[in-house]
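Source file: entry.cif. Holds: mmCIF, C-alpha atoms and all ligand atoms.
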```cif
data_run
loop_
_atom_site.label_atom_id
_atom_site.label_comp_id
_atom_site.auth_asym_id
_atom_site.auth_seq_id
_atom_site.Cartn_x
_atom_site.Cartn_y
_atom_site.Cartn_z
CA MET A 1 30.52 47.15 84.59
CA SER A 2 27.77 45.77 82.41
CA ALA A 3 26.13 48.22 80.04
CA THR A 4 22.88 46.45 80.78
CA THR A 5 22.84 47.53 84.38
CA THR A 6 19.43 45.97 84.89
CA THR A 7 20.50 42.63 83.46
CA SER A 8 21.37 40.03 86.01
CA THR A 9 24.00 37.44 85.23
CA SER A 10 22.31 35.15 87.68
CA THR A 11 20.77 32.12 86.05
CA SER A 12 18.06 31.89 88.63
CA THR A 13 16.62 35.33 87.95
CA SER A 14 15.95 34.99 84.24
CA THR A 15 12.19 34.96 84.84
CA VAL A 16 12.42 38.53 86.07
CA ALA A 17 12.07 40.75 83.02
CA PRO A 18 14.69 43.51 83.13
CA GLU A 19 13.45 47.04 82.94
CA PRO A 20 13.37 48.09 79.25
CA ARG A 21 15.98 50.70 78.45
CA ALA A 22 14.00 52.26 75.62
CA ALA A 23 13.76 55.57 77.44
CA ARG A 24 17.51 55.69 78.04
CA THR A 25 20.03 56.63 75.42
CA TYR A 26 21.62 53.84 73.45
CA ASP A 27 25.18 53.92 74.76
CA VAL A 28 27.01 51.83 72.20
CA ASP A 29 30.44 52.41 73.81
CA ALA A 30 29.17 51.01 77.09
CA ILE A 31 27.49 48.13 75.28
CA ARG A 32 30.74 47.28 73.52
CA ARG A 33 32.47 46.90 76.87
CA ASP A 34 30.08 44.04 77.63
CA PHE A 35 31.63 42.02 74.77
CA PRO A 36 35.24 41.11 75.61
CA ILE A 37 35.99 39.79 72.12
CA LEU A 38 35.37 43.20 70.58
CA SER A 39 38.67 44.47 71.99
CA THR A 40 40.55 41.84 69.94
CA ARG A 41 43.15 43.17 67.52
CA VAL A 42 43.42 41.48 64.14
CA TYR A 43 46.74 41.90 62.30
CA GLY A 44 47.40 44.87 64.59
CA LYS A 45 44.10 46.55 63.72
CA PRO A 46 40.99 46.82 65.90
CA LEU A 47 38.50 44.08 65.10
CA VAL A 48 35.51 45.32 63.11
CA TYR A 49 33.03 42.49 63.40
CA LEU A 50 30.43 42.71 60.64
CA ASP A 51 29.53 39.02 60.34
CA ASN A 52 26.64 39.06 62.78
CA ALA A 53 24.17 37.38 60.43
CA ALA A 54 26.41 34.29 60.53
CA SER A 55 26.81 34.39 64.30
CA ALA A 56 26.88 37.12 66.91
CA GLN A 57 29.43 37.68 69.68
CA LYS A 58 28.62 37.04 73.33
CA PRO A 59 28.36 39.52 76.22
CA MET A 60 29.92 38.76 79.61
CA ALA A 61 26.44 38.15 81.02
CA VAL A 62 26.14 35.12 78.73
CA ILE A 63 29.70 33.90 79.23
CA GLU A 64 29.31 34.17 83.01
CA ALA A 65 25.91 32.50 82.99
CA GLU A 66 27.32 29.45 81.20
CA GLN A 67 30.39 29.37 83.43
CA LYS A 68 28.21 29.64 86.53
CA VAL A 69 26.23 26.58 85.50
CA TYR A 70 29.36 24.43 85.38
CA GLU A 71 30.82 26.00 88.52
CA SER A 72 27.87 25.75 90.81
CA LEU A 73 24.67 24.52 89.24
CA TYR A 74 25.40 21.63 86.95
CA ALA A 75 23.54 18.32 86.93
CA ASN A 76 21.19 16.59 84.53
CA ILE A 77 17.71 18.06 84.53
CA HIS A 78 14.19 16.65 84.90
CA ARG A 79 15.47 13.37 86.33
CA GLY A 80 16.89 13.96 89.76
CA VAL A 81 15.51 14.72 93.18
CA HIS A 82 18.89 15.94 94.39
CA TYR A 83 19.75 19.56 95.02
CA LEU A 84 21.79 20.28 91.90
CA SER A 85 19.36 18.56 89.55
CA VAL A 86 16.45 20.50 91.00
CA HIS A 87 18.29 23.81 90.68
CA ALA A 88 19.57 23.12 87.17
CA THR A 89 16.01 22.16 86.19
CA ASP A 90 14.65 25.39 87.68
CA ALA A 91 17.21 27.48 85.78
CA TYR A 92 16.48 25.65 82.52
CA ASP A 93 12.74 26.10 83.00
CA ALA A 94 13.35 29.79 83.78
CA ALA A 95 15.14 30.14 80.42
CA ARG A 96 12.13 28.56 78.73
CA GLU A 97 9.87 31.07 80.43
CA THR A 98 12.19 33.88 79.30
CA ALA A 99 11.90 32.61 75.71
CA ARG A 100 8.13 32.44 76.07
CA ALA A 101 7.96 36.04 77.22
CA PHE A 102 10.43 37.08 74.51
CA LEU A 103 8.07 35.79 71.80
CA ASN A 104 4.91 36.59 73.76
CA ALA A 105 3.82 32.98 73.39
CA GLU A 106 0.78 32.00 75.40
CA SER A 107 2.38 29.12 77.28
CA ALA A 108 5.89 27.92 78.10
CA HIS A 109 4.92 24.48 76.80
CA GLU A 110 4.74 26.03 73.32
CA ILE A 111 8.50 26.66 73.52
CA ILE A 112 10.47 23.63 72.33
CA PHE A 113 14.20 23.84 72.88
CA VAL A 114 16.06 22.59 69.81
CA ARG A 115 19.62 22.85 68.48
CA GLY A 116 18.74 25.88 66.39
CA THR A 117 16.61 27.08 63.49
CA THR A 118 17.78 24.27 61.21
CA GLU A 119 16.61 21.62 63.63
CA ALA A 120 13.32 23.44 64.12
CA VAL A 121 12.54 23.35 60.39
CA ASN A 122 13.49 19.67 60.20
CA LEU A 123 11.37 18.91 63.25
CA VAL A 124 8.25 20.48 61.74
CA ALA A 125 8.87 18.99 58.28
CA GLN A 126 9.35 15.51 59.74
CA THR A 127 6.38 15.64 62.11
CA TYR A 128 3.68 18.07 60.96
CA GLY A 129 4.88 17.69 57.38
CA ARG A 130 4.94 13.90 57.28
CA GLN A 131 1.52 13.80 58.89
CA ASN A 132 -0.14 16.36 56.64
CA VAL A 133 1.67 16.49 53.29
CA GLY A 134 0.82 13.80 50.76
CA ALA A 135 1.24 12.96 47.09
CA GLY A 136 0.27 15.89 44.85
CA ASP A 137 0.27 18.39 47.75
CA GLU A 138 2.42 21.51 47.88
CA VAL A 139 4.70 23.23 50.38
CA LEU A 140 5.01 26.94 49.60
CA ILE A 141 8.24 28.81 50.37
CA THR A 142 9.80 31.92 48.83
CA ALA A 143 12.78 32.55 46.56
CA LEU A 144 14.81 34.18 49.34
CA GLU A 145 15.04 31.31 51.79
CA HIS A 146 18.15 30.05 53.55
CA HIS A 147 19.01 26.46 52.61
CA SER A 148 17.72 25.33 55.99
CA ASN A 149 14.24 26.49 55.00
CA ILE A 150 14.48 24.78 51.61
CA VAL A 151 16.18 21.40 51.97
CA PRO A 152 14.05 19.93 54.82
CA TRP A 153 10.90 20.67 52.78
CA GLN A 154 12.53 19.33 49.64
CA LEU A 155 13.34 16.06 51.44
CA LEU A 156 9.75 15.85 52.65
CA CYS A 157 8.34 16.56 49.18
CA GLU A 158 10.59 13.91 47.61
CA GLU A 159 9.48 11.35 50.17
CA LYS A 160 5.80 12.13 49.76
CA GLY A 161 5.58 12.89 46.05
CA ALA A 162 4.65 16.49 46.88
CA ARG A 163 5.83 19.67 45.17
CA LEU A 164 7.94 22.48 46.57
CA ALA A 165 6.39 25.70 45.26
CA VAL A 166 8.50 28.86 45.33
CA ALA A 167 6.99 32.35 45.40
CA PRO A 168 9.11 34.86 43.45
CA ILE A 169 10.93 37.97 44.63
CA ASP A 170 11.34 41.15 42.59
CA ASP A 171 14.57 42.87 41.58
CA SER A 172 14.76 44.69 44.92
CA GLY A 173 14.57 41.40 46.78
CA ALA A 174 11.03 41.99 48.03
CA LEU A 175 8.49 39.17 47.98
CA GLU A 176 5.99 39.46 45.11
CA LEU A 177 2.97 39.27 47.36
CA GLY A 178 0.42 39.10 44.53
CA ALA A 179 2.20 36.11 43.02
CA PHE A 180 2.52 34.55 46.48
CA GLU A 181 -1.22 34.87 47.01
CA LYS A 182 -1.97 33.27 43.65
CA MET A 183 0.25 30.34 44.56
CA LEU A 184 -1.80 29.54 47.66
CA SER A 185 -4.00 26.72 46.45
CA PRO A 186 -6.15 23.91 47.82
CA LYS A 187 -3.02 21.77 47.45
CA THR A 188 -0.92 23.96 49.76
CA ARG A 189 -0.41 22.18 53.07
CA ILE A 190 2.01 24.60 54.75
CA VAL A 191 3.71 27.92 54.02
CA SER A 192 7.26 28.40 55.28
CA VAL A 193 8.94 31.80 54.99
CA ALA A 194 11.85 33.73 56.42
CA HIS A 195 10.98 36.76 58.53
CA LEU A 196 14.19 38.50 57.42
CA SER A 197 16.44 37.37 54.56
CA ASN A 198 20.01 36.58 55.59
CA ALA A 199 21.30 37.25 52.07
CA LEU A 200 19.35 40.41 51.16
CA GLY A 201 18.13 41.92 54.42
CA THR A 202 14.52 41.97 53.18
CA ILE A 203 11.87 41.96 55.91
CA LEU A 204 8.90 39.89 54.80
CA PRO A 205 5.31 41.01 55.50
CA VAL A 206 4.68 38.10 57.80
CA ARG A 207 1.40 39.38 59.25
CA ARG A 208 -0.06 39.71 55.73
CA ILE A 209 1.34 36.34 54.66
CA VAL A 210 -0.34 34.74 57.66
CA GLU A 211 -3.66 36.46 56.89
CA LEU A 212 -3.58 35.23 53.30
CA ALA A 213 -2.64 31.69 54.29
CA HIS A 214 -5.06 31.43 57.20
CA ALA A 215 -7.93 32.65 55.00
CA ARG A 216 -7.38 29.36 53.18
CA GLY A 217 -6.79 27.28 56.30
CA ILE A 218 -3.05 26.92 55.68
CA PRO A 219 -0.59 27.09 58.61
CA VAL A 220 2.55 29.24 58.46
CA PHE A 221 6.04 28.45 59.68
CA VAL A 222 8.34 31.47 60.09
CA ASP A 223 12.13 31.21 60.10
CA GLY A 224 13.08 33.98 62.50
CA ALA A 225 16.82 33.28 62.61
CA GLN A 226 17.68 36.80 61.42
CA ALA A 227 14.62 38.67 62.66
CA ALA A 228 14.62 37.66 66.33
CA PRO A 229 17.95 39.43 67.05
CA ARG A 230 16.89 42.53 65.08
CA MET A 231 13.27 43.39 65.78
CA PRO A 232 10.54 42.78 68.34
CA VAL A 233 8.65 39.56 67.58
CA ASP A 234 5.19 38.81 68.95
CA VAL A 235 4.00 35.42 67.78
CA ARG A 236 0.45 36.09 68.93
CA ALA A 237 0.20 39.45 67.18
CA LEU A 238 1.64 37.86 64.02
CA ASP A 239 -0.62 34.83 64.55
CA VAL A 240 2.11 32.54 63.17
CA ASP A 241 1.67 28.82 63.72
CA PHE A 242 5.38 28.07 64.12
CA TYR A 243 8.35 30.39 64.72
CA ALA A 244 12.01 29.40 65.03
CA PHE A 245 15.24 31.15 65.95
CA SER A 246 18.78 30.32 67.05
CA SER A 247 20.51 31.37 70.26
CA HIS A 248 23.91 31.93 68.65
CA LYS A 249 22.60 34.70 66.39
CA ILE A 250 21.03 36.54 69.34
CA TYR A 251 24.22 36.79 71.40
CA GLY A 252 23.72 33.42 73.12
CA PRO A 253 25.65 30.15 72.99
CA THR A 254 25.74 27.81 70.02
CA GLY A 255 23.77 24.58 69.92
CA VAL A 256 20.44 25.82 71.22
CA GLY A 257 17.39 27.56 69.81
CA VAL A 258 13.64 27.72 69.97
CA LEU A 259 10.77 26.25 68.05
CA TYR A 260 7.52 27.95 69.00
CA GLY A 261 4.33 26.18 67.97
CA LYS A 262 0.67 26.71 68.77
CA THR A 263 -0.49 24.21 71.37
CA ALA A 264 -3.17 22.56 69.23
CA LEU A 265 -0.70 21.92 66.40
CA LEU A 266 2.05 20.62 68.70
CA GLU A 267 -0.42 18.36 70.51
CA ALA A 268 -1.54 16.78 67.24
CA MET A 269 1.98 16.22 65.91
CA PRO A 270 3.84 12.94 66.39
CA PRO A 271 7.18 13.04 68.22
CA TYR A 272 10.32 13.90 66.28
CA GLN A 273 12.99 11.79 67.95
CA GLY A 274 12.58 8.97 70.43
CA GLY A 275 14.53 8.60 73.66
CA GLY A 276 14.66 9.69 77.26
CA ASP A 277 12.48 12.50 78.61
CA MET A 278 10.02 12.44 75.70
CA ILE A 279 8.11 9.45 77.07
CA ARG A 280 5.49 8.94 79.74
CA SER A 281 5.83 5.16 79.88
CA VAL A 282 7.71 2.55 77.89
CA THR A 283 7.11 -1.15 77.49
CA PHE A 284 8.35 -3.30 74.66
CA GLU A 285 4.78 -3.42 73.42
CA LYS A 286 3.93 0.28 73.59
CA THR A 287 5.30 3.69 74.47
CA THR A 288 3.19 6.66 75.48
CA PHE A 289 4.56 10.14 75.10
CA ASN A 290 5.23 12.97 77.51
CA ASP A 291 3.38 16.27 77.63
CA LEU A 292 4.52 19.36 75.76
CA PRO A 293 7.20 20.54 75.43
CA TYR A 294 9.03 17.36 76.51
CA LYS A 295 7.41 15.23 73.80
CA PHE A 296 9.76 16.98 71.35
CA GLU A 297 12.86 17.07 73.57
CA ALA A 298 14.35 13.58 73.51
CA GLY A 299 17.58 13.02 75.43
CA THR A 300 19.76 15.28 77.54
CA PRO A 301 19.49 18.81 76.15
CA ASN A 302 22.08 21.57 76.00
CA ILE A 303 21.57 22.39 79.68
CA ALA A 304 24.22 25.06 80.21
CA GLY A 305 23.61 26.49 76.74
CA GLY A 306 19.90 26.72 77.36
CA ILE A 307 20.39 28.54 80.65
CA ALA A 308 22.90 30.94 79.08
CA PHE A 309 20.49 31.45 76.17
CA GLY A 310 18.06 32.79 78.77
CA ALA A 311 20.79 35.20 79.89
CA ALA A 312 21.25 36.33 76.26
CA LEU A 313 17.52 37.04 75.95
CA ASP A 314 17.67 38.95 79.24
CA TYR A 315 20.56 40.95 77.81
CA VAL A 316 18.77 41.99 74.61
CA ASN A 317 15.58 42.64 76.58
CA GLY A 318 17.65 44.92 78.79
CA LEU A 319 18.59 47.01 75.78
CA GLY A 320 15.16 46.67 74.21
CA LEU A 321 14.53 45.21 70.76
CA THR A 322 13.02 48.47 69.57
CA ALA A 323 16.18 50.36 70.52
CA ILE A 324 18.36 47.67 68.89
CA ALA A 325 16.26 47.84 65.72
CA GLN A 326 16.59 51.63 65.62
CA HIS A 327 20.33 51.43 66.15
CA GLU A 328 20.81 48.87 63.37
CA HIS A 329 18.47 50.81 61.08
CA ASP A 330 20.65 53.88 61.55
CA LEU A 331 23.76 51.84 60.73
CA LEU A 332 22.11 50.31 57.67
CA ALA A 333 21.00 53.72 56.37
CA TYR A 334 24.43 55.22 57.03
CA ALA A 335 26.23 52.30 55.36
CA THR A 336 23.82 52.20 52.41
CA ALA A 337 24.40 55.89 51.73
CA ALA A 338 28.19 55.50 52.01
CA LEU A 339 28.44 52.37 49.86
CA SER A 340 26.13 53.86 47.23
CA GLU A 341 28.76 56.55 46.64
CA ILE A 342 31.41 54.00 45.65
CA ALA A 343 31.80 53.70 41.88
CA GLY A 344 31.38 50.13 40.62
CA LEU A 345 29.71 48.92 43.82
CA THR A 346 26.20 47.48 43.58
CA ILE A 347 24.07 46.75 46.61
CA VAL A 348 22.18 43.48 46.23
CA GLY A 349 18.89 43.68 48.08
CA THR A 350 17.24 47.09 48.07
CA ALA A 351 13.76 46.28 49.36
CA ARG A 352 12.00 49.14 51.13
CA GLU A 353 11.51 47.00 54.24
CA LYS A 354 15.02 45.98 55.14
CA ALA A 355 17.19 45.43 58.21
CA GLY A 356 20.70 44.75 59.37
CA VAL A 357 22.17 43.05 56.30
CA LEU A 358 24.06 44.71 53.44
CA SER A 359 25.08 42.50 50.51
CA PHE A 360 27.12 43.98 47.70
CA VAL A 361 29.30 43.21 44.72
CA LEU A 362 32.19 45.20 43.33
CA GLU A 363 32.74 45.35 39.58
CA GLY A 364 35.79 43.34 38.54
CA VAL A 365 36.56 41.98 42.03
CA HIS A 366 35.56 38.57 43.32
CA PRO A 367 33.76 38.75 46.68
CA HIS A 368 36.34 36.40 48.21
CA ASP A 369 39.07 38.89 47.33
CA ILE A 370 37.05 41.66 48.99
CA GLY A 371 36.73 39.54 52.13
CA THR A 372 40.41 38.64 52.18
CA VAL A 373 41.64 42.21 51.81
CA LEU A 374 39.15 43.47 54.41
CA ASP A 375 40.29 40.74 56.79
CA ARG A 376 43.84 42.15 56.69
CA GLU A 377 42.26 45.44 57.80
CA GLY A 378 40.68 43.67 60.78
CA ILE A 379 37.24 43.75 59.18
CA ALA A 380 35.21 40.54 59.34
CA ILE A 381 32.54 40.22 56.67
CA ARG A 382 31.11 37.14 54.95
CA THR A 383 31.57 36.29 51.30
CA GLY A 384 29.93 33.52 49.30
CA HIS A 385 26.38 32.37 48.70
CA HIS A 386 25.33 32.76 52.36
CA CYS A 387 23.58 29.37 52.30
CA ALA A 388 21.10 30.89 49.88
CA GLN A 389 22.25 29.69 46.46
CA PRO A 390 18.81 30.23 44.85
CA VAL A 391 19.02 33.91 45.86
CA MET A 392 22.39 34.18 44.11
CA ASP A 393 20.88 32.47 41.04
CA ARG A 394 17.96 34.92 41.09
CA PHE A 395 20.40 37.82 40.81
CA GLY A 396 22.75 35.99 38.41
CA LEU A 397 25.65 36.11 40.86
CA PRO A 398 27.98 33.39 42.13
CA ALA A 399 28.44 35.18 45.45
CA THR A 400 28.24 38.52 47.25
CA ALA A 401 30.14 40.24 50.02
CA ARG A 402 27.93 40.77 53.06
CA ALA A 403 28.29 43.13 55.99
CA SER A 404 25.74 42.41 58.70
CA PHE A 405 25.24 44.55 61.75
CA GLY A 406 24.76 43.78 65.40
CA LEU A 407 23.73 45.77 68.43
CA TYR A 408 27.35 46.75 69.18
CA ASN A 409 28.43 48.08 65.77
CA THR A 410 29.17 51.75 65.21
CA ARG A 411 29.20 54.31 62.44
CA GLY A 412 32.99 54.41 62.89
CA GLU A 413 33.08 50.74 61.92
CA VAL A 414 31.05 51.50 58.82
CA ASP A 415 33.65 54.17 57.99
CA ALA A 416 36.35 51.51 58.39
CA LEU A 417 34.43 49.24 56.01
CA VAL A 418 34.19 52.00 53.43
CA ALA A 419 37.92 52.76 53.74
CA GLY A 420 38.64 49.05 53.38
CA ILE A 421 36.56 48.81 50.21
CA HIS A 422 38.50 51.74 48.75
CA LYS A 423 41.69 49.82 49.54
CA VAL A 424 40.30 46.79 47.69
CA ILE A 425 39.50 48.98 44.70
CA GLY A 426 43.03 50.42 44.78
CA MET A 427 44.52 46.93 44.69
CA PHE A 428 42.31 45.35 42.05
CA ARG A 429 41.60 48.16 39.62
C1 LIG A 501 17.50 33.05 57.62
C2 LIG A 501 18.21 31.89 58.25
N1 LIG A 501 17.54 30.76 58.49
C3 LIG A 501 18.13 29.71 59.07
C4 LIG A 501 19.45 29.73 59.43
C5 LIG A 501 20.05 28.52 60.07
O1 LIG A 501 20.36 28.80 61.40
P1 LIG A 501 21.19 27.76 62.28
O2 LIG A 501 22.43 27.45 61.49
O3 LIG A 501 21.46 28.49 63.54
O4 LIG A 501 20.33 26.56 62.45
C6 LIG A 501 20.19 30.87 59.19
C7 LIG A 501 21.64 30.91 59.51
O5 LIG A 501 22.40 31.65 58.94
C8 LIG A 501 19.56 31.98 58.59
O6 LIG A 501 20.23 33.10 58.35
#
```
What does the file become when written as structure tokens?
Amino acid sequence: MSATTTTSTSTSTSTVAPEPRAARTYDVDAIRRDFPILSTRVYGKPLVYLDNAASAQKPMAVIEAEQKVYESLYANIHRGVHYLSVHATDAYDAARETARAFLNAESAHEIIFVRGTTEAVNLVAQTYGRQNVGAGDEVLITALEHHSNIVPWQLLCEEKGARLAVAPIDDSGALELGAFEKMLSPKTRIVSVAHLSNALGTILPVRRIVELAHARGIPVFVDGAQAAPRMPVDVRALDVDFYAFSSHKIYGPTGVGVLYGKTALLEAMPPYQGGGDMIRSVTFEKTTFNDLPYKFEAGTPNIAGGIAFGAALDYVNGLGLTAIAQHEHDLLAYATAALSEIAGLTIVGTAREKAGVLSFVLEGVHPHDIGTVLDREGIAIRTGHHCAQPVMDRFGLPATARASFGLYNTRGEVDALVAGIHKVIGMFR
């Protein structure tokens, strides 16, 4: 039975917000039973999946939702008058409404379905950016960004003769807000920041960043790839101009995600890609474009993935983001205390505001060796630069080992991680 007893697996009910479970106890054992993959054994050991920042596992509600589309609901959307097309369209639109409610956006037309966070950044850089960034202008990011919130802006700046400005972080991995503020200048055309660092776990003060930028008339894009699965996000309370996240990191399918944008900005932006669905009329002389959100959704989208993404959002809503955040905070505190006891281990990223992600290095042991030994213990962590090479450079490291938590992890799994690290130390020291 599903741990989220109020979560329907039906694709057609995703507009109905499940009752929040905040008042109920967080039953992690029951939750784990919703995720079939978690009973996998790896080299004879129980899987301990601590690579959630890279991608999260999927509950049955999501797997069944996607299967149901292909079994009984599948047809192309927005184009047909026939039964299946109408019902697939309704389910897809219901998922969009679920995403709207999830972010507390004002309108469902502010929710653009994209392939994921990476595509969302590229979309904004290539539309808003190309329209508004010119020679001598600046795009302001921070030193803790994922490559997908660096390279699209870099490409734009190269094309336009603009400059990519980078606000520094301190030794704990927190943004230096004073320096950030000083870097906001009349040349700054857009600010683009992560909400939560995938390499360090730092939570950025997005509300304050937005206040500072808006006081100077500068819009703010927020990369919510790591934050959306880990904390409640309210785009209107934050007053962000753009917000992006990926389905696969929030327990949904791969290949789908959301770009939120304020209506006025989206209306003024040119289309991103041309093709079917994004047009109102086409002649060889002139094309006029569709309304939001379709103007930015050229071609056949990830129909089944989008519908199952709605089921994933229903699932996390069923648990409650506040409860998930508390659970992961407990795990992070427990793991931080345990890893801090290990001689020769250094935690990378110690900002006061932190969530879900624990990067570390072990004296005398390459992170890849840590990952390989832990893998033989059934423990999945990530090692490397985490698509954030400038963060590694900032700390003078080639790589770190990273354990990242999800809503189904347990203190027992943290104990297994600690035991595994002691095994690594025994082998390499
Ligand atoms: C902070 C952050 N931004 C962006 C991305 C890119 O997300 P995706 O690969 O789903 O587009 C990631 C993925 O790890 C991330 O952690």
Worksheet item: Can you tell me, as a PyMOL selection string, what residues are no more than 9 Å from A:Val124 when counting only C-alpha atoms, ignoring any on the same chain fewer than 2 positions away?
Response: chain A and resi 119-122+126-130+221+242+259+269+272
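Here the question is which of A:Ala308, A:Ala338, A:Ile150, A:Ala401 gets nearest to A:His248 using only C-alpha atoms, and that residue is A:Ala308.
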Item to complete: Could I get the residue neighbourhood of ligand LIG 501 (chain A) at 10 Å, counting all atoms listed in the file, as a VMD selection string?
Response: chain A and resid 52 to 55 114 to 122 144 to 150 193 to 201 222 to 227 244 to 250 254 to 257 386 to 388
Response to the item:
Pairwise distance, atom CA of A:Asp171 with atom CA of A:Thr202, equals 11.6 Å
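For the pair atom CA of A:Val373 and atom CA of A:Val414, the interatomic distance is 15.7 Å.
Comparing the minimum interatomic distances between A:Leu313 and each of A:Glu97, A:Asp27, A:Glu64, A:Glu138, counting all atoms listed in the file, we find that A:Glu97 sits nearest.
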Practice prompt. Point out the residue among A:Arg236, A:His327, A:Arg79, A:Arg100 with the least atom-to-atom distance to A:Val210, counting all atoms listed in the file.
Written response: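 The answer is A:Arg236, which sits nearest to A:Val210.
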Do a neighbour search on stretch 102-113 of chain A at 7 Å with all atoms listed in the file, toss out local chain neighbours closer than 4 positions, and write the hits as a PDB file with C-alpha atoms, keeping the file's coordinate frame.
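Dumped to result_17.pdb:
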```
ATOM      1  CA  ARG A  96      12.130  28.560  78.730  1.00  0.00           C
ATOM      2  CA  GLU A  97       9.870  31.070  80.430  1.00  0.00           C
ATOM      3  CA  THR A  98      12.190  33.880  79.300  1.00  0.00           C
ATOM      4  CA  VAL A 233       8.650  39.560  67.580  1.00  0.00           C
ATOM      5  CA  ASP A 234       5.190  38.810  68.950  1.00  0.00           C
ATOM      6  CA  VAL A 235       4.000  35.420  67.780  1.00  0.00           C
ATOM      7  CA  ARG A 236       0.450  36.090  68.930  1.00  0.00           C
ATOM      8  CA  VAL A 256      20.440  25.820  71.220  1.00  0.00           C
ATOM      9  CA  GLY A 257      17.390  27.560  69.810  1.00  0.00           C
ATOM     10  CA  VAL A 258      13.640  27.720  69.970  1.00  0.00           C
ATOM     11  CA  LEU A 259      10.770  26.250  68.050  1.00  0.00           C
ATOM     12  CA  TYR A 260       7.520  27.950  69.000  1.00  0.00           C
ATOM     13  CA  GLY A 261       4.330  26.180  67.970  1.00  0.00           C
ATOM     14  CA  LYS A 262       0.670  26.710  68.770  1.00  0.00           C
ATOM     15  CA  THR A 263      -0.490  24.210  71.370  1.00  0.00           C
ATOM     16  CA  LEU A 292       4.520  19.360  75.760  1.00  0.00           C
ATOM     17  CA  PRO A 293       7.200  20.540  75.430  1.00  0.00           C
ATOM     18  CA  PHE A 296       9.760  16.980  71.350  1.00  0.00           C
ATOM     19  CA  GLU A 297      12.860  17.070  73.570  1.00  0.00           C
TER      20      GLU A 297
END
```
Worksheet item: Using all atoms listed in the file, which of the listed residues (A:Met392, A:Ala228, A:Val424, A:Ala311) sits closest to A:Thr372?
Response: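 Counting all atoms listed in the file, the residue closest to A:Thr372 is A:Val424.
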